[in-house]
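Colleague: One structure follows; several queries about it will come next.
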Amino acid sequence: MSEMNPFAMAQAQLDEVAKLIDLDSSTHELLRWPQREMACRLPVKMDDGTTRFFQAFRVQHNRSRGPAKGGIRWHPDETIDTVRALATWMTWKCAVVDIPLGGGKGGIICNPKELSEGEKERLARAYMRAFADLFGVTKDVPAPDVNTTPQIMAWMMDEYETINRQHLPSVITGKPIPLGGSQGRGAATGRGGIFALREAGRVLGIDFKDKTMVMQGFGNVGKWAALLGEELLGLKLMAVADEYGCICNKDGIDVKALDSHVAKTGSITKFAGASPISSEQLFSLDCTVLIPAALENVITKDNAPQIKADIVLELANGPTTIEADKILEKKGVFLVPDFLANAGGVTVSYFEQVQNTYNFYWEEHEVNRRLNEKMTTAFNAVYDMSKKRNVNMRNAAYMVSVMRVAEACHLRGWV
Ligand code: NAD
């Protein structure tokens, strides 16, 4: 098995858990593969008058517990296997926080940095036109992910409403607030991760005040995790990386000042309050919490032995390879696995769907209170399973989720 194929990794993780819960072979086979996949080549008129074709995907892994749910990524390295893996993880993520949704994911192979605003809008609309039959609040509800924004969600929603000739804001989440977006959605993945981290600190007896965090990624997820880790838990940001470089200040980086710097310059590099370090150094820093919040497969068998953090909070999807997982477990690192740690985003996306459907909107404190409840309950269900069955947190999260999804498949009579 290739260490770098995320779908093979998602299947291998399920295979391990299938043994632990004695999953029957038919349900195991059902859950190893997506139920539905669609691929399209999207024609887009470019600003220079030529037409370019973009390969795009939508994958629905499992819809036994509700309509599919999952983001759309725009990335030059996107592949069908990345989308399959992410759709599979969405099934487990929705189940672990016990929201009535299944797993889906979408992607377009493109480099958004090379596209003008007009080209992005035409690409977003072309995606929605091609996949519109799959989408709808009772079928499949997409959302933002890597390189996709509330503006892109707004164009897609508008295209869907134009096709269907009615207001249907619940077709997509992560929208701008004036178009039916939820208060608190932007920060939700980071905030949910920090709620889960707070619970990890409680069970491990760690008080995070003035302890340190190291972050890979300072996009939507990483930025909010850094801001809220400081605000809610008193953590200091010791080092941070983005795609352009890594910076470190052992006395703590001023996160708000860094956020303003990134808003102005587009990168964390050249921030006056920290010094550059290499990406190898980033993972080997002596810190309390290491937070991968960028891309998959970044904690590998090569850098895992150097990790000195007490806790790894996986906010990115699939950041740790299977070999690295075993190394971290042996070292006694407490890992909060991806589909539990980053479930805050989908939870508030679900709240957004609920508010759109009722056409009645909640204040931000109401959204955050409900998110706190969901994340706390989910963390404790997983932690209790890990203690009861003497398994690591990733396997425990899988056990909770797979058992819930398998039960829904059995009740429907699918297996
Ligand atoms: P984003 O595009 O807003 O930010 C990504 C960040 O990672 C940027 O700072 C970018 O510079 C950095 N990055 C990219 N390549 C890198 C590299 N090679 N080395 C170091 N840094 C690099 O994306 P996001 O929405 O913050 O998503 C980050 C991760 O979280 C992804 O794995 C995504 O699937 C996952 N996730 C996102 C959400 C959400 O609500 N946005 C929810 C759940 C999970």
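How things are named: the first chain in the structure tokens is A, the next is B, and so on; residues count from 1 in each chain; ligands count from 1 in the order shown.
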So which residues of stretch 213-274 of chain A fall under strand (DSSP E or B) by DSSP, listed as an MDAnalysis selection string?
Modeller: chainID A and resid 213:216 236:242 245:253
Colleague: Please dump the current selection as a short mmCIF file (atom, residue, chain, number, x, y, z; two decimals), in the first residue's frame; keep all heavy atoms.
Modeller:
```cif
data_model
loop_
_atom_site.label_atom_id
_atom_site.label_comp_id
_atom_site.auth_asym_id
_atom_site.auth_seq_id
_atom_site.Cartn_x
_atom_site.Cartn_y
_atom_site.Cartn_z
N MET A 213 1.71 26.08 21.73
CA MET A 213 1.17 25.33 20.58
C MET A 213 2.02 25.67 19.34
O MET A 213 2.54 26.78 19.21
CB MET A 213 -0.30 25.64 20.32
CG MET A 213 -0.63 27.10 20.08
SD MET A 213 -2.42 27.36 19.83
CE MET A 213 -2.53 29.11 20.24
N VAL A 214 2.13 24.67 18.46
CA VAL A 214 2.83 24.84 17.18
C VAL A 214 1.82 24.48 16.09
O VAL A 214 1.16 23.44 16.18
CB VAL A 214 4.07 23.93 17.11
CG1 VAL A 214 4.61 23.85 15.68
CG2 VAL A 214 5.15 24.43 18.07
N MET A 215 1.69 25.34 15.10
CA MET A 215 0.62 25.20 14.11
C MET A 215 1.19 25.06 12.70
O MET A 215 2.01 25.88 12.30
CB MET A 215 -0.22 26.48 14.18
CG MET A 215 -1.46 26.51 13.35
SD MET A 215 -2.83 25.72 14.18
CE MET A 215 -3.02 26.77 15.60
N GLN A 216 0.77 24.06 11.95
CA GLN A 216 1.09 24.05 10.52
C GLN A 216 -0.17 24.45 9.76
O GLN A 216 -1.18 23.77 9.82
CB GLN A 216 1.52 22.66 10.03
CG GLN A 216 2.01 22.73 8.59
CD GLN A 216 2.09 21.40 7.90
OE1 GLN A 216 1.26 20.54 8.10
NE2 GLN A 216 3.11 21.23 7.08
N LYS A 236 0.11 29.73 24.17
CA LYS A 236 0.97 30.65 23.40
C LYS A 236 1.31 29.98 22.07
O LYS A 236 1.67 28.80 22.04
CB LYS A 236 2.27 30.92 24.15
CG LYS A 236 2.10 31.84 25.34
CD LYS A 236 3.44 32.38 25.82
CE LYS A 236 4.35 31.26 26.29
NZ LYS A 236 5.55 31.71 26.99
N LEU A 237 1.24 30.75 20.99
CA LEU A 237 1.65 30.23 19.68
C LEU A 237 3.17 30.36 19.56
O LEU A 237 3.70 31.47 19.49
CB LEU A 237 0.96 31.01 18.55
CG LEU A 237 1.29 30.54 17.14
CD1 LEU A 237 0.75 29.13 16.87
CD2 LEU A 237 0.73 31.52 16.10
N MET A 238 3.87 29.20 19.58
CA MET A 238 5.34 29.25 19.54
C MET A 238 5.87 29.30 18.11
O MET A 238 6.85 29.99 17.83
CB MET A 238 5.89 28.00 20.24
CG MET A 238 7.38 27.98 20.34
SD MET A 238 7.97 26.31 20.53
CE MET A 238 8.12 26.21 22.24
N ALA A 239 5.21 28.58 17.21
CA ALA A 239 5.69 28.56 15.82
C ALA A 239 4.53 28.26 14.90
O ALA A 239 3.54 27.63 15.31
CB ALA A 239 6.77 27.50 15.65
N VAL A 240 4.66 28.71 13.66
CA VAL A 240 3.59 28.51 12.69
C VAL A 240 4.18 28.42 11.29
O VAL A 240 5.23 29.03 11.01
CB VAL A 240 2.52 29.64 12.82
CG1 VAL A 240 3.11 31.01 12.62
CG2 VAL A 240 1.34 29.44 11.87
N ALA A 241 3.51 27.62 10.43
CA ALA A 241 3.97 27.47 9.05
C ALA A 241 2.82 27.72 8.09
O ALA A 241 1.67 27.47 8.43
CB ALA A 241 4.46 26.04 8.82
N ASP A 242 3.14 28.26 6.94
CA ASP A 242 2.20 28.21 5.83
C ASP A 242 2.94 27.67 4.62
O ASP A 242 4.09 27.20 4.75
CB ASP A 242 1.48 29.56 5.59
CG ASP A 242 2.40 30.64 5.06
OD1 ASP A 242 3.58 30.35 4.75
OD2 ASP A 242 1.95 31.80 4.95
N GLY A 245 6.56 29.27 4.18
CA GLY A 245 7.66 29.19 5.14
C GLY A 245 7.17 28.96 6.56
O GLY A 245 5.97 28.79 6.79
N CYS A 246 8.14 28.94 7.50
CA CYS A 246 7.81 28.69 8.92
C CYS A 246 8.47 29.78 9.76
O CYS A 246 9.60 30.19 9.46
CB CYS A 246 8.38 27.37 9.41
SG CYS A 246 8.05 25.98 8.36
N ILE A 247 7.81 30.19 10.83
CA ILE A 247 8.40 31.18 11.74
C ILE A 247 8.22 30.71 13.18
O ILE A 247 7.31 29.94 13.49
CB ILE A 247 7.77 32.59 11.56
CG1 ILE A 247 6.24 32.53 11.74
CG2 ILE A 247 8.15 33.19 10.21
CD1 ILE A 247 5.59 33.90 11.81
N CYS A 248 9.12 31.21 14.05
CA CYS A 248 9.11 30.75 15.45
C CYS A 248 9.50 31.90 16.38
O CYS A 248 10.34 32.74 16.03
CB CYS A 248 10.13 29.61 15.59
SG CYS A 248 10.33 28.99 17.25
N ASN A 249 8.84 31.95 17.54
CA ASN A 249 9.27 32.85 18.63
C ASN A 249 8.96 32.11 19.92
O ASN A 249 7.78 31.91 20.26
CB ASN A 249 8.53 34.19 18.55
CG ASN A 249 8.94 35.11 19.68
OD1 ASN A 249 9.56 34.69 20.67
ND2 ASN A 249 8.60 36.38 19.55
N LYS A 250 10.01 31.68 20.63
CA LYS A 250 9.79 30.83 21.81
C LYS A 250 9.06 31.57 22.93
O LYS A 250 8.47 30.94 23.81
CB LYS A 250 11.13 30.25 22.29
CG LYS A 250 11.69 29.29 21.24
CD LYS A 250 12.53 28.18 21.79
CE LYS A 250 12.69 27.15 20.69
NZ LYS A 250 13.85 26.35 20.67
N ASP A 251 9.05 32.91 22.88
CA ASP A 251 8.30 33.68 23.89
C ASP A 251 6.83 33.84 23.51
O ASP A 251 6.05 34.42 24.25
CB ASP A 251 8.92 35.07 24.08
CG ASP A 251 10.35 34.97 24.60
OD1 ASP A 251 10.60 34.02 25.39
OD2 ASP A 251 11.19 35.78 24.18
N GLY A 252 6.48 33.40 22.33
CA GLY A 252 5.08 33.50 21.89
C GLY A 252 4.90 34.53 20.78
O GLY A 252 5.45 35.63 20.86
N ILE A 253 4.14 34.13 19.77
CA ILE A 253 3.84 35.02 18.64
C ILE A 253 2.51 35.72 18.94
O ILE A 253 1.57 35.09 19.41
CB ILE A 253 3.72 34.19 17.33
CG1 ILE A 253 5.09 33.59 16.98
CG2 ILE A 253 3.17 35.02 16.18
CD1 ILE A 253 5.07 32.57 15.87
#
```
Colleague: Report the residues of stretch 4-149 of chain A whose backbone DSSP state falls under alpha helix (DSSP H), written as JSON, numbers by chain.
Modeller: {"A": [6, 7, 8, 9, 10, 11, 12, 13, 14, 15, 16, 17, 18, 19, 20, 25, 26, 27, 28, 29, 30, 31, 32, 80, 81, 82, 83, 84, 85, 86, 87, 88, 89, 90, 91, 92, 93, 94, 95, 96, 117, 118, 119, 120, 121, 122, 123, 124, 125, 126, 127, 128, 129, 130, 131]}
Colleague: Residues of chain A that have any atom at most 7 Å from an atom of ligand 1: could you tabulate them with the shortest-distance atom pair and the distance in Å to one decimal, using only C-alpha atoms and all ligand atoms, ordered by chain and increasing number, as JSON lines?
Modeller:
```
{"residue": "A:Pro144", "atom": "CA", "partner": "ligand 1", "partner_atom_place_in_ligand_line": "41 (N)", "distance": 6.1}
{"residue": "A:Asp145", "atom": "CA", "partner": "ligand 1", "partner_atom_place_in_ligand_line": "41 (N)", "distance": 4.6}
{"residue": "A:Val146", "atom": "CA", "partner": "ligand 1", "partner_atom_place_in_ligand_line": "23 (O)", "distance": 4.0}
{"residue": "A:Asn147", "atom": "CA", "partner": "ligand 1", "partner_atom_place_in_ligand_line": "2 (O)", "distance": 4.4}
{"residue": "A:Ala188", "atom": "CA", "partner": "ligand 1", "partner_atom_place_in_ligand_line": "40 (O)", "distance": 6.9}
{"residue": "A:Thr189", "atom": "CA", "partner": "ligand 1", "partner_atom_place_in_ligand_line": "40 (O)", "distance": 5.1}
{"residue": "A:Gln216", "atom": "CA", "partner": "ligand 1", "partner_atom_place_in_ligand_line": "21 (N)", "distance": 5.5}
{"residue": "A:Gly217", "atom": "CA", "partner": "ligand 1", "partner_atom_place_in_ligand_line": "7 (O)", "distance": 3.6}
{"residue": "A:Phe218", "atom": "CA", "partner": "ligand 1", "partner_atom_place_in_ligand_line": "9 (O)", "distance": 3.7}
{"residue": "A:Gly219", "atom": "CA", "partner": "ligand 1", "partner_atom_place_in_ligand_line": "4 (O)", "distance": 3.2}
{"residue": "A:Asn220", "atom": "CA", "partner": "ligand 1", "partner_atom_place_in_ligand_line": "26 (O)", "distance": 3.8}
{"residue": "A:Val221", "atom": "CA", "partner": "ligand 1", "partner_atom_place_in_ligand_line": "26 (O)", "distance": 3.8}
{"residue": "A:Gly222", "atom": "CA", "partner": "ligand 1", "partner_atom_place_in_ligand_line": "26 (O)", "distance": 5.7}
{"residue": "A:Ala241", "atom": "CA", "partner": "ligand 1", "partner_atom_place_in_ligand_line": "20 (C)", "distance": 5.1}
{"residue": "A:Asp242", "atom": "CA", "partner": "ligand 1", "partner_atom_place_in_ligand_line": "21 (N)", "distance": 3.4}
{"residue": "A:Glu243", "atom": "CA", "partner": "ligand 1", "partner_atom_place_in_ligand_line": "22 (C)", "distance": 3.6}
{"residue": "A:Tyr244", "atom": "CA", "partner": "ligand 1", "partner_atom_place_in_ligand_line": "11 (O)", "distance": 6.6}
{"residue": "A:Gly245", "atom": "CA", "partner": "ligand 1", "partner_atom_place_in_ligand_line": "20 (C)", "distance": 7.0}
{"residue": "A:Ala293", "atom": "CA", "partner": "ligand 1", "partner_atom_place_in_ligand_line": "29 (C)", "distance": 4.8}
{"residue": "A:Ala294", "atom": "CA", "partner": "ligand 1", "partner_atom_place_in_ligand_line": "7 (O)", "distance": 3.6}
{"residue": "A:Leu295", "atom": "CA", "partner": "ligand 1", "partner_atom_place_in_ligand_line": "32 (O)", "distance": 4.3}
{"residue": "A:Glu296", "atom": "CA", "partner": "ligand 1", "partner_atom_place_in_ligand_line": "32 (O)", "distance": 6.0}
{"residue": "A:Leu315", "atom": "CA", "partner": "ligand 1", "partner_atom_place_in_ligand_line": "30 (O)", "distance": 5.5}
{"residue": "A:Ala316", "atom": "CA", "partner": "ligand 1", "partner_atom_place_in_ligand_line": "32 (O)", "distance": 3.4}
{"residue": "A:Asn317", "atom": "CA", "partner": "ligand 1", "partner_atom_place_in_ligand_line": "32 (O)", "distance": 4.2}
{"residue": "A:Asn342", "atom": "CA", "partner": "ligand 1", "partner_atom_place_in_ligand_line": "43 (C)", "distance": 4.9}
{"residue": "A:Ala343", "atom": "CA", "partner": "ligand 1", "partner_atom_place_in_ligand_line": "43 (C)", "distance": 6.3}
{"residue": "A:Gly345", "atom": "CA", "partner": "ligand 1", "partner_atom_place_in_ligand_line": "40 (O)", "distance": 4.5}
{"residue": "A:Val346", "atom": "CA", "partner": "ligand 1", "partner_atom_place_in_ligand_line": "42 (C)", "distance": 6.7}
```
Colleague: Near A:Gly174, within 12 Å and counting only C-alpha atoms, which residues show up once chain neighbours fewer than 5 positions away are dropped, as a PyMOL selection string?
Modeller: chain A and resi 69-72+141-145+148-157+169+179-189+220+345-353+356
Colleague: So that I can see what lies close to A:Leu232, please list as number ranges by chain the residues with an atom at most 8 Å from it, counting only C-alpha atoms and leaving out residues fewer than 3 positions away in the same chain.
Modeller: A: 194, 228-229
Colleague: Since we have the selection now, will you write its residues out, keeping C-alpha atoms, as a PDB file, in the first residue's frame?
Modeller:
```pdb
ATOM      1  CA  ILE A 194     -10.145  24.056  20.753  1.00  0.00           C
ATOM      2  CA  LEU A 228      -9.053  30.770  20.149  1.00  0.00           C
ATOM      3  CA  GLY A 229      -6.328  28.566  21.639  1.00  0.00           C
TER       4      GLY A 229
END
```
Colleague: Measuring between only C-alpha atoms, which one of A:Gly344, A:Pro100, A:Pro319, A:Gly106 shows the shortest distance to A:Ala124?
Modeller: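 Nearest to A:Ala124: A:Gly106.
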Colleague: List every residue of stretch 116-224 of chain A that has an atom at most 12 Å from any atom of stretch 36-42 of chain A, and for each one report the closest atom pair and its distance in Å to one decimal, counting only C-alpha atoms, with rows sorted by chain and then by increasing residue number, as CSV.
Modeller:
```
residue,atom,partner,partner_atom,distance
A:Arg122,CA,A:Leu42,CA,9.8
A:Leu123,CA,A:Leu42,CA,7.4
A:Ala124,CA,A:Leu42,CA,9.7
A:Arg125,CA,A:Leu42,CA,9.7
A:Ala126,CA,A:Leu42,CA,6.1
A:Tyr127,CA,A:Leu42,CA,6.7
A:Met128,CA,A:Leu42,CA,10.0
A:Arg129,CA,A:Leu42,CA,9.3
A:Ala130,CA,A:Cys40,CA,7.0
A:Phe131,CA,A:Met38,CA,8.1
A:Ala132,CA,A:Met38,CA,11.5
A:Asp133,CA,A:Met38,CA,10.9
A:Leu134,CA,A:Met38,CA,9.1
A:Phe135,CA,A:Met38,CA,12.0
A:Lys139,CA,A:Arg36,CA,11.9
A:Asp140,CA,A:Arg36,CA,11.3
```
Colleague: Save the residues we just selected, C-alpha atoms, as a PDB file, in the first residue's frame?
Modeller:
```pdb
ATOM      1  CA  ARG A 122     -17.379  30.901 -14.104  1.00  0.00           C
ATOM      2  CA  LEU A 123     -15.661  27.784 -12.716  1.00  0.00           C
ATOM      3  CA  ALA A 124     -17.875  27.792  -9.585  1.00  0.00           C
ATOM      4  CA  ARG A 125     -21.031  28.148 -11.700  1.00  0.00           C
ATOM      5  CA  ALA A 126     -19.843  25.454 -14.141  1.00  0.00           C
ATOM      6  CA  TYR A 127     -19.311  23.059 -11.202  1.00  0.00           C
ATOM      7  CA  MET A 128     -22.809  23.664  -9.878  1.00  0.00           C
ATOM      8  CA  ARG A 129     -24.384  23.271 -13.340  1.00  0.00           C
ATOM      9  CA  ALA A 130     -22.576  19.960 -13.898  1.00  0.00           C
ATOM     10  CA  PHE A 131     -23.416  18.440 -10.487  1.00  0.00           C
ATOM     11  CA  ALA A 132     -26.792  20.148  -9.728  1.00  0.00           C
ATOM     12  CA  ASP A 133     -28.768  16.902  -9.958  1.00  0.00           C
ATOM     13  CA  LEU A 134     -26.750  15.425  -7.102  1.00  0.00           C
ATOM     14  CA  PHE A 135     -27.244  18.404  -4.791  1.00  0.00           C
ATOM     15  CA  LYS A 139     -29.624  14.756  -1.080  1.00  0.00           C
ATOM     16  CA  ASP A 140     -26.156  16.277  -0.743  1.00  0.00           C
TER      17      ASP A 140
END
```
Colleague: So which residues touch A:Lys331 within 12 Å, counting only C-alpha atoms, skipping near sequence neighbours fewer than 3 positions away, as an MDAnalysis selection string?
Modeller: chainID A and resid 304:312 324:328 334:335
Colleague: Report as a count of residues only all protein, DNA and RNA residues lying within 10 Å of A:His75, evaluated on only C-alpha atoms, omitting residues in the same chain fewer than 5 positions from it.
Modeller: 10
Colleague: Name all residues at most 6 Å from A:Met46 (count only C-alpha atoms; drop same-chain ones fewer than 4 positions away) and give them as a list in words.
Modeller: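 The neighbour list is Thr50, Thr51 and Glu119 of chain A.
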Colleague: Can you list every residue of stretch 62-124 of chain A that has an atom at most 12 Å from stretch 11-14 of chain A, with its nearest atom pair and the distance in Å to one decimal, using only C-alpha atoms, ordered by chain then number, as JSON lines?
Modeller:
```
{"residue": "A:Asp81", "atom": "CA", "partner": "A:Gln11", "partner_atom": "CA", "distance": 11.0}
{"residue": "A:Arg84", "atom": "CA", "partner": "A:Gln11", "partner_atom": "CA", "distance": 10.0}
{"residue": "A:Ala85", "atom": "CA", "partner": "A:Gln11", "partner_atom": "CA", "distance": 8.1}
{"residue": "A:Leu86", "atom": "CA", "partner": "A:Gln11", "partner_atom": "CA", "distance": 11.3}
{"residue": "A:Ala87", "atom": "CA", "partner": "A:Gln11", "partner_atom": "CA", "distance": 11.8}
{"residue": "A:Thr88", "atom": "CA", "partner": "A:Gln11", "partner_atom": "CA", "distance": 8.7}
{"residue": "A:Trp89", "atom": "CA", "partner": "A:Gln11", "partner_atom": "CA", "distance": 10.0}
{"residue": "A:Thr91", "atom": "CA", "partner": "A:Leu14", "partner_atom": "CA", "distance": 11.8}
{"residue": "A:Trp92", "atom": "CA", "partner": "A:Leu14", "partner_atom": "CA", "distance": 10.1}
```
Colleague: Mind giving me the straight-line distance from atom CA of A:Val17 to atom CA of A:Thr376 in Å, one decimal?
Modeller: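 Atom CA of A:Thr376 lies at a distance of 23.0 Å from atom CA of A:Val17.
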Colleague: Which residue gives the smallest distance to A:Ala408 among A:Ile268, A:Asp207, A:Leu101, A:Glu78, with only C-alpha atoms counted?
Modeller: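 Checking each candidate against A:Ala408, we get A:Leu101 as the closest.
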Colleague: What gap, in Å, lies between atom CA of A:Phe283 and atom CA of A:Glu323?
Modeller: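 The value is 16.1 Å.
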Colleague: Of the candidates A:Glu407, A:Glu117, A:Thr82, A:Val137, which shows the shortest atom-to-atom distance to A:Asn5, using only C-alpha atoms?
Modeller: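 Under the stated criterion, the closest residue is A:Thr82.
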